[in-house]
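The structure appears right after this line, and notes come after that.
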Protein chains: 2
Amino acid sequence: VRAAVLAAARELVAEQGYEPVSIEQIAARAGVHKTTVYRRWPTKARLVMDAVEDMSAERVPVPDTGALGSDLRRFSRAIVANLNTKGATALARALVAAAADSEELRASAAQFWRRRFGVAGEMVARAVERREIPADTDSDALIETLIGPLYVRVLLTDVAVDRRLADRVADVTAEAAKAGLFSR
Amino acid sequence: VRAAVLAAARELVAEQGYEPVSIEQIAARAGVHKTTVYRRWPTKARLVMDAVEDMSAERVPVPDTGALGSDLRRFSRAIVANLNTKGATALARALVAAAADSEELRASAAQFWRRRFGVAGEMVARAVERREIPADTDSDALIETLIGPLYVRVLLTDVAVDRRLADRVADVTAEAAKAGLFSR
């Protein structure tokens with residue numbers, strides 16, 4: 001049931017945008033009763049961001065290859081592959097759009113990003129333990145540098161994201177980290 | 001007249017979003033007749049992106065300090081200052097939002113970004129001439145790395161952008177360029 005509801009939420013928001021979609025519609029698409037959905041998710045914002053988080057966790061796992069450079073390459077390639085799946089760009093744009101008008105969605109989205117940055121930070125923590133990068137490396141700074149060019153293309157310049165870009169952002173970020181440019 | 005129309009377009013889109021704003025409303029706010037606006041701008045998409053370009057050119061000029069590192073710091077600080085002016089974040093979000101639904105706005109926005117990347121590329125060309133960075137440096141790659149973390153915060157994570165971030169993105173980008181990480 002949970003997977004069906006989350007998939008329905010992602011599809012509907014990608015197709016129609018965030019604002020027009022209702023919990024009733026999501027329940028109908030998933031083939032469950034709306035009270036089942038209301039029981040598990042207090043608000044549409046929480047439901048939709050849960051749906052995004054579920055997809056991210058599944059399609060963009062945090063790798064552990066034993067070295068920062070290869071961890072970041074694997075991670076950025078997974079993000080690129082995810083952004084290139086059907087509906088992903090539409091979903092991202094729809095959420096940025098709706099966050100402009102909804103304080104509640106903005107808060108749920110910010111929380112989603114904090115959790116994702118936290119999970120991705122495990123790569124940074126392991127690199128610190130291996131003494132590849134300085135102990136005072138700011139992992140949020142590293143992650144935002146890694147994903148920045150990907151979202152510039154998807155949200156602003158409308159240029160395709162590909163594996164070459166994934167490798168470049170990983171290499172730029174790993175080198176900057178090693179040079180201490182993300183030290184607090 | 002031109003400046004008044006462009007300022008009115010920026011204000012209205014920041015306040016209400018792109019979709020609901022009409023050329024008639026923009027003309028009224030600017031205190032000019034709507035035919036004056038239609039004569040100069042064929043579509044709302046072109047008018048609004050012209051308004052954004054006008055603001056960018058004025059508030060974020062491309063510096064020429066004689067060194068890539070200081071050029072990029074001055075440039076990124078100006079972008080941060082611009083993003084921190086009233087309405088700038090709302091305007092950026094509104095345009096990303098509307099681009100999801102409008103092929104025409106998406107095309108005008110992509111054109112705006114190509115021109116801005118071209119102008120910013122002058123810093124890169126001068127750095128190549130000074131032999132600070134390799135001749136085959138991809139200037140678009142450099143610019144998207146510079147602005148990436150700024151727009152991640154403004155559009156996704158809802159974290160404040162400040163001078164410290166501006167300096168960090170400039171330093172990361174300059175060092176990566178010098179290391180040849182943006183070579184084609």
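In the structure tokens, the first chain shown is A, the next is B, and so on; residue numbers restart at 1 for each chain, and ligands run from 1 in the order shown.
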Test item: residues at most 9 Å from Arg77 (chain B), only C-alpha atoms, excluding those fewer than 3 positions along its chain, as a ChimeraX atom specification:
/B:60,72-74,80-82,162-167,170
Given a cut-off of 7 Å, which residues of chain A touch chain B, counting only C-alpha atoms, written out as a ChimeraX atom specification?
/A:90,93-94,96-97,100,110,113,144-145,148-149,152,155-158,172,176,181
Write to file, as a PDB file, in the first residue's frame, the residues of the selection just made, with N, CA, C and O atoms.
```
ATOM      1  N   ALA A  90      10.142  17.100 -14.281  1.00  0.00           N
ATOM      2  CA  ALA A  90       8.834  17.729 -14.063  1.00  0.00           C
ATOM      3  C   ALA A  90       8.495  17.769 -12.575  1.00  0.00           C
ATOM      4  O   ALA A  90       7.980  18.776 -12.064  1.00  0.00           O
ATOM      5  N   ARG A  93      10.722  20.471 -10.861  1.00  0.00           N
ATOM      6  CA  ARG A  93      10.230  21.816 -11.170  1.00  0.00           C
ATOM      7  C   ARG A  93       8.916  22.115 -10.459  1.00  0.00           C
ATOM      8  O   ARG A  93       8.688  23.212  -9.958  1.00  0.00           O
ATOM      9  N   ALA A  94       8.034  21.118 -10.435  1.00  0.00           N
ATOM     10  CA  ALA A  94       6.719  21.307  -9.799  1.00  0.00           C
ATOM     11  C   ALA A  94       6.887  21.618  -8.313  1.00  0.00           C
ATOM     12  O   ALA A  94       6.176  22.465  -7.762  1.00  0.00           O
ATOM     13  N   VAL A  96       9.634  22.923  -6.763  1.00  0.00           N
ATOM     14  CA  VAL A  96      10.231  24.253  -6.594  1.00  0.00           C
ATOM     15  C   VAL A  96       9.147  25.313  -6.798  1.00  0.00           C
ATOM     16  O   VAL A  96       9.061  26.299  -6.062  1.00  0.00           O
ATOM     17  N   ALA A  97       8.321  25.080  -7.809  1.00  0.00           N
ATOM     18  CA  ALA A  97       7.237  26.010  -8.118  1.00  0.00           C
ATOM     19  C   ALA A  97       6.298  26.158  -6.932  1.00  0.00           C
ATOM     20  O   ALA A  97       6.034  27.264  -6.462  1.00  0.00           O
ATOM     21  N   ALA A 100       7.132  28.031  -3.714  1.00  0.00           N
ATOM     22  CA  ALA A 100       7.048  29.499  -3.728  1.00  0.00           C
ATOM     23  C   ALA A 100       5.766  29.966  -3.052  1.00  0.00           C
ATOM     24  O   ALA A 100       5.738  31.036  -2.448  1.00  0.00           O
ATOM     25  N   ALA A 110      12.566  21.511   2.848  1.00  0.00           N
ATOM     26  CA  ALA A 110      13.831  21.832   3.525  1.00  0.00           C
ATOM     27  C   ALA A 110      14.247  20.668   4.432  1.00  0.00           C
ATOM     28  O   ALA A 110      15.423  20.303   4.514  1.00  0.00           O
ATOM     29  N   TRP A 113      15.647  17.844   2.340  1.00  0.00           N
ATOM     30  CA  TRP A 113      17.026  18.101   1.931  1.00  0.00           C
ATOM     31  C   TRP A 113      17.992  17.932   3.098  1.00  0.00           C
ATOM     32  O   TRP A 113      19.090  17.410   2.925  1.00  0.00           O
ATOM     33  N   GLU A 144      26.441  20.397  -1.580  1.00  0.00           N
ATOM     34  CA  GLU A 144      25.788  21.403  -2.430  1.00  0.00           C
ATOM     35  C   GLU A 144      26.651  21.749  -3.644  1.00  0.00           C
ATOM     36  O   GLU A 144      26.127  22.093  -4.701  1.00  0.00           O
ATOM     37  N   THR A 145      27.959  21.585  -3.496  1.00  0.00           N
ATOM     38  CA  THR A 145      28.845  21.805  -4.649  1.00  0.00           C
ATOM     39  C   THR A 145      28.685  20.676  -5.671  1.00  0.00           C
ATOM     40  O   THR A 145      28.715  20.906  -6.879  1.00  0.00           O
ATOM     41  N   GLY A 148      25.039  21.097  -7.283  1.00  0.00           N
ATOM     42  CA  GLY A 148      24.729  22.408  -7.868  1.00  0.00           C
ATOM     43  C   GLY A 148      24.615  22.416  -9.384  1.00  0.00           C
ATOM     44  O   GLY A 148      23.553  22.764  -9.931  1.00  0.00           O
ATOM     45  N   PRO A 149      25.668  22.015 -10.101  1.00  0.00           N
ATOM     46  CA  PRO A 149      25.593  22.083 -11.565  1.00  0.00           C
ATOM     47  C   PRO A 149      24.486  21.206 -12.155  1.00  0.00           C
ATOM     48  O   PRO A 149      23.923  21.531 -13.195  1.00  0.00           O
ATOM     49  N   VAL A 152      21.337  23.292 -11.732  1.00  0.00           N
ATOM     50  CA  VAL A 152      21.388  24.456 -12.631  1.00  0.00           C
ATOM     51  C   VAL A 152      20.868  24.044 -14.006  1.00  0.00           C
ATOM     52  O   VAL A 152      20.042  24.731 -14.611  1.00  0.00           O
ATOM     53  N   LEU A 155      16.937  22.896 -13.669  1.00  0.00           N
ATOM     54  CA  LEU A 155      15.957  23.921 -13.296  1.00  0.00           C
ATOM     55  C   LEU A 155      16.131  25.233 -14.038  1.00  0.00           C
ATOM     56  O   LEU A 155      15.178  25.990 -14.183  1.00  0.00           O
ATOM     57  N   LEU A 156      17.351  25.543 -14.475  1.00  0.00           N
ATOM     58  CA  LEU A 156      17.573  26.871 -15.057  1.00  0.00           C
ATOM     59  C   LEU A 156      17.897  26.835 -16.552  1.00  0.00           C
ATOM     60  O   LEU A 156      17.160  27.387 -17.356  1.00  0.00           O
ATOM     61  N   THR A 157      19.003  26.204 -16.908  1.00  0.00           N
ATOM     62  CA  THR A 157      19.472  26.353 -18.290  1.00  0.00           C
ATOM     63  C   THR A 157      18.850  25.360 -19.264  1.00  0.00           C
ATOM     64  O   THR A 157      18.982  25.518 -20.470  1.00  0.00           O
ATOM     65  N   ASP A 158      18.172  24.335 -18.743  1.00  0.00           N
ATOM     66  CA  ASP A 158      17.496  23.346 -19.586  1.00  0.00           C
ATOM     67  C   ASP A 158      18.485  22.617 -20.512  1.00  0.00           C
ATOM     68  O   ASP A 158      18.183  22.370 -21.683  1.00  0.00           O
ATOM     69  N   VAL A 172      35.606  17.584  -9.339  1.00  0.00           N
ATOM     70  CA  VAL A 172      35.798  18.947  -8.824  1.00  0.00           C
ATOM     71  C   VAL A 172      35.597  18.957  -7.306  1.00  0.00           C
ATOM     72  O   VAL A 172      36.385  19.535  -6.553  1.00  0.00           O
ATOM     73  N   ALA A 176      38.454  19.628  -4.422  1.00  0.00           N
ATOM     74  CA  ALA A 176      38.270  20.789  -3.536  1.00  0.00           C
ATOM     75  C   ALA A 176      38.293  20.351  -2.078  1.00  0.00           C
ATOM     76  O   ALA A 176      38.878  21.025  -1.220  1.00  0.00           O
ATOM     77  N   LEU A 181      39.158  23.130   0.795  1.00  0.00           N
ATOM     78  CA  LEU A 181      38.309  24.289   0.455  1.00  0.00           C
ATOM     79  C   LEU A 181      36.923  24.219   1.102  1.00  0.00           C
ATOM     80  O   LEU A 181      36.171  25.191   1.044  1.00  0.00           O
TER      81      LEU A 181
END
```
Residues of region 81-118 of chain A classed as alpha helix (DSSP H) by DSSP on the backbone are to be reported as number ranges by chain.
A: 81-83, 88-99, 103-118
Excluding Ala57 (chain A) and any residue of its chain fewer than 4 positions from it, enumerate the residues within 12 Å of it, using only C-alpha atoms, and give them as a list of chain:residue names.
A:Asp50, A:Ala51, A:Val52, A:Glu53, A:Pro61, A:Val62, A:Pro63, A:Phe75, A:Ala78, A:Ile79, A:Asn82, A:Phe112, A:Arg115, A:Arg116, A:Phe117, A:Val119, A:Ala120
Let's have the selection written as a PDB file, in the first residue's frame, with N, CA, C and O atoms.
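See selection.pdb below for the written result:
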```pdb
ATOM      1  N   ASP A  50       7.607  12.678   1.279  1.00  0.00           N
ATOM      2  CA  ASP A  50       7.906  11.276   1.593  1.00  0.00           C
ATOM      3  C   ASP A  50       8.076  10.472   0.311  1.00  0.00           C
ATOM      4  O   ASP A  50       8.949   9.598   0.215  1.00  0.00           O
ATOM      5  N   ALA A  51       7.234  10.775  -0.667  1.00  0.00           N
ATOM      6  CA  ALA A  51       7.306  10.080  -1.956  1.00  0.00           C
ATOM      7  C   ALA A  51       8.642  10.375  -2.641  1.00  0.00           C
ATOM      8  O   ALA A  51       9.262   9.492  -3.238  1.00  0.00           O
ATOM      9  N   VAL A  52       9.092  11.620  -2.555  1.00  0.00           N
ATOM     10  CA  VAL A  52      10.372  11.995  -3.161  1.00  0.00           C
ATOM     11  C   VAL A  52      11.522  11.324  -2.413  1.00  0.00           C
ATOM     12  O   VAL A  52      12.462  10.803  -3.015  1.00  0.00           O
ATOM     13  N   GLU A  53      11.417  11.296  -1.092  1.00  0.00           N
ATOM     14  CA  GLU A  53      12.485  10.700  -0.283  1.00  0.00           C
ATOM     15  C   GLU A  53      12.599   9.193  -0.531  1.00  0.00           C
ATOM     16  O   GLU A  53      13.709   8.652  -0.642  1.00  0.00           O
ATOM     17  N   PRO A  61      21.274   5.425  -3.725  1.00  0.00           N
ATOM     18  CA  PRO A  61      21.847   4.985  -2.457  1.00  0.00           C
ATOM     19  C   PRO A  61      23.214   5.640  -2.249  1.00  0.00           C
ATOM     20  O   PRO A  61      23.843   6.075  -3.212  1.00  0.00           O
ATOM     21  N   VAL A  62      23.639   5.715  -0.999  1.00  0.00           N
ATOM     22  CA  VAL A  62      24.942   6.305  -0.700  1.00  0.00           C
ATOM     23  C   VAL A  62      25.996   5.209  -0.768  1.00  0.00           C
ATOM     24  O   VAL A  62      25.947   4.252   0.000  1.00  0.00           O
ATOM     25  N   PRO A  63      26.937   5.322  -1.705  1.00  0.00           N
ATOM     26  CA  PRO A  63      27.905   4.244  -1.924  1.00  0.00           C
ATOM     27  C   PRO A  63      29.001   4.210  -0.866  1.00  0.00           C
ATOM     28  O   PRO A  63      29.226   5.191  -0.161  1.00  0.00           O
ATOM     29  N   PHE A  75      27.855   8.221  -6.713  1.00  0.00           N
ATOM     30  CA  PHE A  75      26.706   8.975  -6.205  1.00  0.00           C
ATOM     31  C   PHE A  75      26.170   9.943  -7.275  1.00  0.00           C
ATOM     32  O   PHE A  75      24.965   9.975  -7.550  1.00  0.00           O
ATOM     33  N   ALA A  78      24.385   8.240 -10.093  1.00  0.00           N
ATOM     34  CA  ALA A  78      23.038   7.782  -9.711  1.00  0.00           C
ATOM     35  C   ALA A  78      22.052   8.955  -9.724  1.00  0.00           C
ATOM     36  O   ALA A  78      20.899   8.804 -10.149  1.00  0.00           O
ATOM     37  N   ILE A  79      22.502  10.127  -9.284  1.00  0.00           N
ATOM     38  CA  ILE A  79      21.613  11.300  -9.310  1.00  0.00           C
ATOM     39  C   ILE A  79      21.262  11.641 -10.758  1.00  0.00           C
ATOM     40  O   ILE A  79      20.098  11.903 -11.088  1.00  0.00           O
ATOM     41  N   ASN A  82      18.814   9.228 -12.111  1.00  0.00           N
ATOM     42  CA  ASN A  82      17.500   9.501 -11.528  1.00  0.00           C
ATOM     43  C   ASN A  82      16.852  10.716 -12.193  1.00  0.00           C
ATOM     44  O   ASN A  82      15.673  10.690 -12.536  1.00  0.00           O
ATOM     45  N   PHE A 112      13.357  17.485   4.009  1.00  0.00           N
ATOM     46  CA  PHE A 112      13.807  16.416   3.104  1.00  0.00           C
ATOM     47  C   PHE A 112      15.269  16.626   2.748  1.00  0.00           C
ATOM     48  O   PHE A 112      16.081  15.699   2.833  1.00  0.00           O
ATOM     49  N   ARG A 115      17.694  15.874   5.564  1.00  0.00           N
ATOM     50  CA  ARG A 115      17.908  14.434   5.761  1.00  0.00           C
ATOM     51  C   ARG A 115      18.789  13.844   4.658  1.00  0.00           C
ATOM     52  O   ARG A 115      19.689  13.051   4.938  1.00  0.00           O
ATOM     53  N   ARG A 116      18.549  14.226   3.399  1.00  0.00           N
ATOM     54  CA  ARG A 116      19.360  13.709   2.290  1.00  0.00           C
ATOM     55  C   ARG A 116      20.818  14.147   2.428  1.00  0.00           C
ATOM     56  O   ARG A 116      21.739  13.370   2.181  1.00  0.00           O
ATOM     57  N   PHE A 117      21.023  15.418   2.808  1.00  0.00           N
ATOM     58  CA  PHE A 117      22.389  15.899   3.010  1.00  0.00           C
ATOM     59  C   PHE A 117      23.047  15.124   4.161  1.00  0.00           C
ATOM     60  O   PHE A 117      24.240  14.837   4.113  1.00  0.00           O
ATOM     61  N   VAL A 119      22.413  11.970   5.090  1.00  0.00           N
ATOM     62  CA  VAL A 119      22.739  10.623   4.609  1.00  0.00           C
ATOM     63  C   VAL A 119      23.983  10.682   3.714  1.00  0.00           C
ATOM     64  O   VAL A 119      24.923   9.897   3.869  1.00  0.00           O
ATOM     65  N   ALA A 120      24.006  11.655   2.790  1.00  0.00           N
ATOM     66  CA  ALA A 120      25.151  11.787   1.885  1.00  0.00           C
ATOM     67  C   ALA A 120      26.422  12.127   2.668  1.00  0.00           C
ATOM     68  O   ALA A 120      27.533  11.782   2.256  1.00  0.00           O
TER      69      ALA A 120
END
```
Please indicate the distance in Å from CA of Val1 (chain A) to CA of Pro20 (chain A), rounded to one decimal place.
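One can read the CA of Val1 (chain A) to CA of Pro20 (chain A) distance as 22.8 Å.
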Do you know which residues are at most 10 Å from region 124-131 of chain A counting only C-alpha atoms, after dropping those on the same chain fewer than 6 positions away, and could you put them as a ChimeraX atom specification?
/A:64,66-69,71-72,118,137-140,142-143,174,177-178
Suppose we keep C-alpha atoms; can you now write the selection as a PDB file, in the first residue's frame?
```
ATOM      1  CA  ASP A  64      30.822   2.941   0.131  1.00  0.00           C
ATOM      2  CA  GLY A  66      36.526   2.825   0.070  1.00  0.00           C
ATOM      3  CA  ALA A  67      37.611   6.134  -1.501  1.00  0.00           C
ATOM      4  CA  LEU A  68      35.976   9.570  -1.660  1.00  0.00           C
ATOM      5  CA  GLY A  69      36.548  10.083  -5.392  1.00  0.00           C
ATOM      6  CA  ASP A  71      32.072   7.287  -3.846  1.00  0.00           C
ATOM      7  CA  LEU A  72      31.257  10.714  -5.281  1.00  0.00           C
ATOM      8  CA  GLY A 118      22.780  14.041   6.301  1.00  0.00           C
ATOM      9  CA  THR A 137      35.271  19.450   6.257  1.00  0.00           C
ATOM     10  CA  ASP A 138      31.762  20.897   6.016  1.00  0.00           C
ATOM     11  CA  SER A 139      29.819  18.049   4.449  1.00  0.00           C
ATOM     12  CA  ASP A 140      26.818  20.218   3.477  1.00  0.00           C
ATOM     13  CA  LEU A 142      30.603  19.524  -0.255  1.00  0.00           C
ATOM     14  CA  ILE A 143      27.191  18.101  -1.172  1.00  0.00           C
ATOM     15  CA  ALA A 174      36.690  15.575  -4.374  1.00  0.00           C
ATOM     16  CA  ALA A 177      37.664  18.695  -0.424  1.00  0.00           C
ATOM     17  CA  LYS A 178      41.218  17.339  -0.492  1.00  0.00           C
TER      18      LYS A 178
END
```
